[in-house]
$ cat data-v3.pdb   # PDB, C-alpha atoms
ATOM      1  CA  ARG A  76      34.753  10.408  -7.536
ATOM      2  CA  VAL A  77      33.018   8.835 -10.537
ATOM      3  CA  HIS A  78      32.249   5.734  -8.462
ATOM      4  CA  GLY A  79      30.774   7.948  -5.762
ATOM      5  CA  GLU A  80      28.570   9.756  -8.270
ATOM      6  CA  LEU A  81      27.338   6.449  -9.714
ATOM      7  CA  SER A  82      26.666   5.134  -6.222
ATOM      8  CA  ARG A  83      24.621   8.215  -5.326
ATOM      9  CA  LYS A  84      22.657   7.961  -8.597
ATOM     10  CA  SER A  85      21.973   4.272  -7.930
ATOM     11  CA  GLU A  86      20.789   5.079  -4.410
ATOM     12  CA  SER A  87      18.577   7.879  -5.737
ATOM     13  CA  THR A  88      17.088   5.578  -8.376
ATOM     14  CA  ASN A  89      16.247   2.918  -5.840
ATOM     15  CA  MET A  90      14.821   5.496  -3.456
ATOM     16  CA  LEU A  91      12.611   6.757  -6.298
ATOM     17  CA  ARG A  92      11.467   3.215  -7.014
ATOM     18  CA  LEU A  93      10.520   2.788  -3.343
ATOM     19  CA  ILE A  94       8.717   6.128  -3.413
ATOM     20  CA  VAL A  95       6.718   4.922  -6.425
ATOM     21  CA  LEU A  96       5.754   1.724  -4.620
ATOM     22  CA  PHE A  97       4.865   3.434  -1.343
ATOM     23  CA  GLY A  98       3.028   6.107  -3.309
ATOM     24  CA  VAL A  99       0.948   3.357  -4.874
ATOM     25  CA  ILE A 100       0.052   1.606  -1.617
ATOM     26  CA  ALA A 101       0.235   4.535   0.789
ATOM     27  CA  THR A 102      -2.855   6.543   1.733
ATOM     28  CA  CYS A 103      -3.270  10.084   2.889
ATOM     29  CA  LEU A 104      -6.641  10.795   4.472
ATOM     30  CA  ALA A 105      -6.885  14.373   3.152
ATOM     31  CA  GLY A 106      -5.098  16.930   1.010
ATOM     32  CA  HIS A 107      -3.402  16.368  -2.312
ATOM     33  CA  LEU A 108      -2.599  12.665  -1.925
ATOM     34  CA  THR A 109      -5.639  10.388  -2.067
ATOM     35  CA  TYR A 110      -6.155   6.739  -2.938
ATOM     36  CA  THR A 111      -8.797   4.181  -3.803
ATOM     37  CA  ASP A 112      -8.416   0.439  -3.383
ATOM     38  CA  CYS A 113      -9.803  -0.833  -6.695
ATOM     39  CA  ASN A 114      -9.297  -4.574  -6.070
ATOM     40  CA  HIS A 115     -12.125  -6.827  -4.909
ATOM     41  CA  SER A 116     -10.494 -10.204  -5.310
ATOM     42  CA  PRO A 117     -10.935 -12.785  -2.524
ATOM     43  CA  ASN A 118      -7.225 -13.470  -3.079
ATOM     44  CA  LYS A 119      -6.177  -9.879  -2.391
ATOM     45  CA  LEU A 120      -2.470  -9.615  -1.654
ATOM     46  CA  VAL A 121      -2.122  -6.415   0.376
ATOM     47  CA  HIS A 122      -4.263  -3.980   2.358
ATOM     48  CA  VAL A 123      -3.209  -0.575   3.715
ATOM     49  CA  SER A 124      -5.149   0.398   6.830
ATOM     50  CA  HIS A 125      -3.476   3.678   7.834
ATOM     51  CA  ALA A 126      -0.896   5.966   6.294
ATOM     52  CA  HIS A 127       0.196   9.578   6.296
ATOM     53  CA  LEU A 128       2.576  11.868   4.432
ATOM     54  CA  SER A 129       3.524  15.147   6.081
ATOM     55  CA  ALA A 130       4.162  17.438   3.111
ATOM     56  CA  ASP A 131       1.224  18.676   1.041
ATOM     57  CA  PRO A 132       2.100  18.861  -1.772
ATOM     58  CA  VAL A 133       5.164  16.596  -1.786
ATOM     59  CA  HIS A 134       8.248  18.712  -2.559
ATOM     60  CA  ILE A 135      11.244  17.602  -4.646
ATOM     61  CA  PRO A 136      13.937  17.923  -3.430
ATOM     62  CA  GLY A 137      13.152  17.971   0.250
ATOM     63  CA  PRO A 138      12.299  15.974   3.354
ATOM     64  CA  GLU A 139       9.151  13.861   3.531
ATOM     65  CA  THR A 140       7.943  12.166   6.700
ATOM     66  CA  GLY A 141       5.434   9.341   6.579
ATOM     67  CA  TYR A 142       4.124   6.268   8.314
ATOM     68  CA  ILE A 143       2.131   3.283   7.156
ATOM     69  CA  ASP A 144       0.237   0.257   8.477
ATOM     70  CA  VAL A 145       0.027  -2.516   5.925
ATOM     71  CA  ASP A 146      -1.397  -6.021   6.040
ATOM     72  CA  ILE A 147       0.234  -8.641   3.833
ATOM     73  CA  LEU A 148      -2.629 -11.061   3.334
ATOM     74  CA  ARG A 149      -0.697 -13.817   1.575
ATOM     75  CA  PRO A 150       3.025 -14.617   1.383
ATOM     76  CA  ILE A 151       4.875 -12.700  -1.342
ATOM     77  CA  ASN A 152       7.801 -14.510  -2.894
ATOM     78  CA  GLY A 153       9.047 -15.754  -6.240
ATOM     79  CA  THR A 154       8.905 -14.193  -9.678
ATOM     80  CA  HIS A 155       5.187 -14.502 -10.409
ATOM     81  CA  PHE A 156       3.915 -11.123  -9.172
ATOM     82  CA  LYS A 157       3.878  -8.421 -11.857
ATOM     83  CA  LEU A 158       3.452  -4.751 -10.914
ATOM     84  CA  ASP A 159       2.014  -2.523 -13.654
ATOM     85  CA  VAL A 160       2.171   1.218 -12.942
ATOM     86  CA  THR A 161       0.485   3.822 -15.148
ATOM     87  CA  ILE A 162       1.360   7.437 -14.327
ATOM     88  CA  LYS A 163      -0.533  10.346 -15.868
ATOM     89  CA  LYS A 164       0.410  14.001 -15.490
ATOM     90  CA  LYS A 165      -1.971  16.911 -15.884
ATOM     91  CA  ILE A 166      -0.795  19.006 -18.831
ATOM     92  CA  LEU A 167      -3.023  22.017 -19.454
ATOM     93  CA  TRP A 168      -6.545  20.560 -19.116
ATOM     94  CA  ALA A 169      -5.906  16.835 -19.609
ATOM     95  CA  PHE A 170      -4.014  13.979 -17.968
ATOM     96  CA  VAL A 171      -1.382  12.496 -20.297
ATOM     97  CA  ASN A 172       0.451   9.176 -19.905
ATOM     98  CA  LEU A 173       4.108   9.542 -18.972
ATOM     99  CA  PRO A 174       6.551   7.192 -20.718
ATOM    100  CA  CYS A 175       8.669   4.670 -18.867
ATOM    101  CA  ILE A 176      12.058   6.385 -18.386
ATOM    102  CA  ASN A 177      15.017   3.971 -18.182
ATOM    103  CA  ASN A 178      12.634   1.289 -16.869
ATOM    104  CA  GLU A 179      12.702   3.188 -13.579
ATOM    105  CA  ILE A 180      10.018   5.869 -13.360
ATOM    106  CA  GLY A 181       6.832   6.452 -15.344
ATOM    107  CA  THR A 182       4.402   4.032 -16.956
ATOM    108  CA  CYS A 183       6.424   0.882 -16.353
ATOM    109  CA  THR A 184       6.073  -2.811 -15.606
ATOM    110  CA  TYR A 185       8.103  -4.381 -12.805
ATOM    111  CA  GLU A 186       8.652  -7.848 -11.412
ATOM    112  CA  LEU A 187       7.587  -7.125  -7.832
ATOM    113  CA  CYS A 188      10.236  -9.095  -5.964
ATOM    114  CA  ASP A 189      12.954  -7.795  -8.277
ATOM    115  CA  LEU A 190      11.833  -4.247  -7.479
ATOM    116  CA  LEU A 191      11.856  -5.143  -3.783
ATOM    117  CA  SER A 192      14.988  -7.288  -3.784
ATOM    118  CA  GLY A 193      16.733  -4.964  -1.339
ATOM    119  CA  ARG A 194      20.067  -5.859  -2.896
ATOM    120  CA  HIS A 195      21.265  -2.249  -2.681
ATOM    121  CA  PHE A 196      20.760  -2.020   1.099
ATOM    122  CA  ASN A 197      23.152  -3.944   3.324
ATOM    123  CA  ASN A 198      21.215  -4.451   6.564
ATOM    124  CA  THR A 199      18.960  -7.046   8.195
ATOM    125  CA  HIS A 200      15.778  -6.361   6.225
ATOM    126  CA  HIS A 201      17.517  -4.746   3.201
ATOM    127  CA  CYS A 202      15.875  -1.380   3.854
ATOM    128  CA  PRO A 203      16.941   2.213   3.265
ATOM    129  CA  ILE A 204      18.878   3.364   6.321
ATOM    130  CA  GLN A 205      16.026   5.685   7.352
ATOM    131  CA  ILE A 206      13.630   2.731   7.713
ATOM    132  CA  ALA A 207      16.260   0.518   9.322
ATOM    133  CA  GLN A 208      16.750   3.174  12.011
ATOM    134  CA  SER A 209      13.094   4.111  12.636
ATOM    135  CA  SER A 210      11.510   0.667  12.316
ATOM    136  CA  PRO A 211      14.106  -2.133  12.692
ATOM    137  CA  ASP A 212      11.466  -4.866  12.314
ATOM    138  CA  PHE A 213       9.847  -3.452   9.165
ATOM    139  CA  PRO A 214      10.658  -5.635   6.124
ATOM    140  CA  CYS A 215      11.494  -4.035   2.779
ATOM    141  CA  SER A 216      12.476  -6.994   0.619
ATOM    142  CA  CYS A 217      11.049 -10.278  -0.579
ATOM    143  CA  PRO A 218      10.071 -12.692   0.753
ATOM    144  CA  PHE A 219       7.246 -11.166   2.805
ATOM    145  CA  GLU A 220       5.377 -13.340   5.266
ATOM    146  CA  ALA A 221       1.660 -12.774   5.789
ATOM    147  CA  GLY A 222       1.090 -10.430   8.715
ATOM    148  CA  HIS A 223       0.611  -6.867   9.914
ATOM    149  CA  TYR A 224       3.496  -4.425   9.514
ATOM    150  CA  HIS A 225       3.870  -0.907  10.938
ATOM    151  CA  LEU A 226       6.340   1.698   9.715
ATOM    152  CA  ASN A 227       7.002   4.294  12.416
ATOM    153  CA  PRO A 228       7.133   7.959  11.329
ATOM    154  CA  THR A 229      10.185   8.069   9.079
ATOM    155  CA  THR A 230      11.803  11.010   7.301
ATOM    156  CA  PHE A 231      13.309  10.602   3.836
ATOM    157  CA  LEU A 232      15.235  13.215   1.895
ATOM    158  CA  ILE A 233      13.816  13.011  -1.607
ATOM    159  CA  PRO A 234      16.768  13.694  -3.936
ATOM    160  CA  ASP A 235      16.922  16.337  -6.605
ATOM    161  CA  LEU A 236      16.331  15.007 -10.102
ATOM    162  CA  ASP A 237      18.193  15.487 -13.354
ATOM    163  CA  GLY A 238      17.088  16.159 -16.907
ATOM    164  CA  ALA A 239      13.670  14.967 -18.012
ATOM    165  CA  LEU A 240      12.825  13.599 -14.571
ATOM    166  CA  LYS A 241      13.228  17.067 -13.045
ATOM    167  CA  ALA A 242      11.064  18.689 -15.705
ATOM    168  CA  LEU A 243       8.375  16.048 -15.305
ATOM    169  CA  SER A 244       8.359  15.860 -11.513
ATOM    170  CA  GLY A 245       6.230  18.893 -10.634
ATOM    171  CA  GLY A 246       2.455  18.983 -11.033
ATOM    172  CA  ASP A 247      -0.682  16.918 -10.513
ATOM    173  CA  TYR A 248      -0.583  13.187 -11.142
ATOM    174  CA  LYS A 249      -2.834  10.175 -11.301
ATOM    175  CA  VAL A 250      -1.362   6.732 -10.709
ATOM    176  CA  HIS A 251      -3.078   3.435 -11.506
ATOM    177  CA  ALA A 252      -1.220   0.369 -10.242
ATOM    178  CA  THR A 253      -2.061  -3.310 -10.320
ATOM    179  CA  ILE A 254      -0.350  -6.469  -9.138
ATOM    180  CA  THR A 255      -1.069  -9.609 -11.133
ATOM    181  CA  ASP A 256      -0.296 -13.196 -10.135
ATOM    182  CA  THR A 257       1.152 -14.433 -13.421
ATOM    183  CA  ASN A 258       0.665 -18.063 -12.345
ATOM    184  CA  THR A 259      -3.106 -17.610 -12.401
ATOM    185  CA  GLY A 260      -3.565 -14.390 -14.384
ATOM    186  CA  GLU A 261      -5.570 -12.943 -11.484
ATOM    187  CA  GLU A 262      -5.283  -9.309 -10.433
ATOM    188  CA  VAL A 263      -4.543  -9.447  -6.692
ATOM    189  CA  ALA A 264      -4.016  -5.744  -5.922
ATOM    190  CA  CYS A 265      -5.158  -2.466  -7.443
ATOM    191  CA  TYR A 266      -4.807   1.160  -6.347
ATOM    192  CA  ASP A 267      -5.751   4.481  -7.888
ATOM    193  CA  VAL A 268      -3.716   7.352  -6.441
ATOM    194  CA  SER A 269      -3.871  11.104  -6.980
ATOM    195  CA  ILE A 270      -0.891  13.185  -5.869
ATOM    196  CA  SER A 271       0.452  16.713  -6.245
ATOM    197  CA  VAL A 272       4.197  17.335  -6.393
ATOM    198  CA  ASP A 273       6.121  20.612  -6.128
ATOM    199  CA  ASN A 274       9.706  21.099  -7.323
ATOM    200  CA  ASP A 275      12.394  23.739  -7.851
ATOM    201  CA  CYS A 276      12.493  23.378 -11.626
ATOM    202  CA  THR A 277      12.707  26.613 -13.641
ATOM    203  CA  GLY A 278      12.650  27.428 -17.335
ATOM    204  CA  LEU A 279      10.413  26.639 -20.291
ATOM    205  CA  GLY A 280      11.026  22.890 -20.015
ATOM    206  CA  CYS A 281       9.348  22.901 -16.622
ATOM    207  CA  LEU A 282       6.052  24.251 -17.928
ATOM    208  CA  ILE A 283       4.869  20.858 -19.208
TER     209      ILE A 283
END
$ encode --input "data-v3.pdb" --output "structure tokens"
Amino acid sequence: RVHGELSRKSESTNMLRLIVLFGVIATCLAGHLTYTDCNHSPNKLVHVSHAHLSADPVHIPGPETGYIDVDILRPINGTHFKLDVTIKKKILWAFVNLPCINNEIGTCTYELCDLLSGRHFNNTHHCPIQIAQSSPDFPCSCPFEAGHYHLNPTTFLIPDLDGALKALSGGDYKVHATITDTNTGEEVACYDVSISVDNDCTGLGCLI
């Protein structure tokens, strides 16, 4: 039973990490999830042309259906792409930086191909089962070849959260994310994202 609980927590953690990444690069054309591509480098790494999330606002826990068209402009491999994510939550009248919690969620720094190693998913492209079923040719793990990739409409069940994550999950957020090529020091991707999230949290701790 303990092993099962740990396995479910590990799966939830990795799903949350994927949600963070897709939240950074995904776009919703209207509503409470909006994005701006803030990178103008000639060596840009990724471009999102179309995307959609069904729920507005996103609800935790609950189902979320989305699709995405993404162009990988240059091959992604190795350990030299650093992803920096800054997440701010609106508390009263101001947006406040959230800390990095367990090096998983919040204002954290990731090694991109470690984040997208896919080692927790045992299928052809090392994807969550939902993606493997809806879009068998969609890659989820490094290495990524340059090309155009389409994720068919896919439904995920966003898991319930525990402790501080649950208390922090509801509200309005701003996300600033950059990818840096550490070999050259050049910023090769940048997105600013605004998103609203609803949850089932109750009590004084959920008022922040």
$ resolve_selection --input "data-v3.pdb" --expression "the PyMOL selection byres ((chain A and resi 251) around 9)" --output "PyMOL selection string"
chain A and resi 99+159-163+249-250+252-253+265-269
$ resolve_selection --input "data-v3.pdb" --expression "the PyMOL selection byres ((chain A and resi 217) around 7)" --output "list in words"
Ile151, Asn152, Cys188, Leu191, Ser192, Ser216, Pro218 and Phe219 of chain A
$ residues_around --input "data-v3.pdb" --residues "Ile204 (chain A)" --least-positions-apart "4" --cutoff "12 Å" --atoms "all atoms listed in the file" --output "list of chain:residue names"
A:Glu86, A:Met90, A:Gly193, A:His195, A:Phe196, A:Asn197, A:Asn198, A:Thr199, A:His200, A:Gln208, A:Ser209, A:Ser210, A:Pro211, A:Phe213, A:Cys215, A:Thr229, A:Thr230, A:Phe231, A:Leu232
$ atom_distance --input "data-v3.pdb" --atom1 "CA of Pro203 (chain A)" --atom2 "CA of Val145 (chain A)"
17.8 Å
$ atom_distance --input "data-v3.pdb" --atom1 "CA of Ile206 (chain A)" --atom2 "CA of Val121 (chain A)"
19.6 Å
$ closest_residue --input "data-v3.pdb" --among "A:Asp146, A:Glu186, A:Glu179, A:Asp112" --to "Asp256 (chain A)" --atoms "all atoms listed in the file"
A:Glu186
$ residues_around --input "data-v3.pdb" --residues "Gly260 (chain A)" --least-positions-apart "6" --cutoff "12 Å" --atoms "all atoms listed in the file" --output "PyMOL selection string"
chain A and resi 118+155-157+253-254
$ residues_around --input "data-v3.pdb" --residues "Pro150 (chain A)" --least-positions-apart "3" --cutoff "9 Å" --atoms "all atoms listed in the file" --output "ChimeraX atom specification"
/A:120,147,218-222
$ resolve_selection --input "data-v3.pdb" --expression "the PyMOL selection byres ((chain A and resi 166-168) around 10)" --output "JSON, numbers by chain"
{"A": [163, 164, 165, 169, 170, 171, 172, 246, 247, 248, 282, 283]}
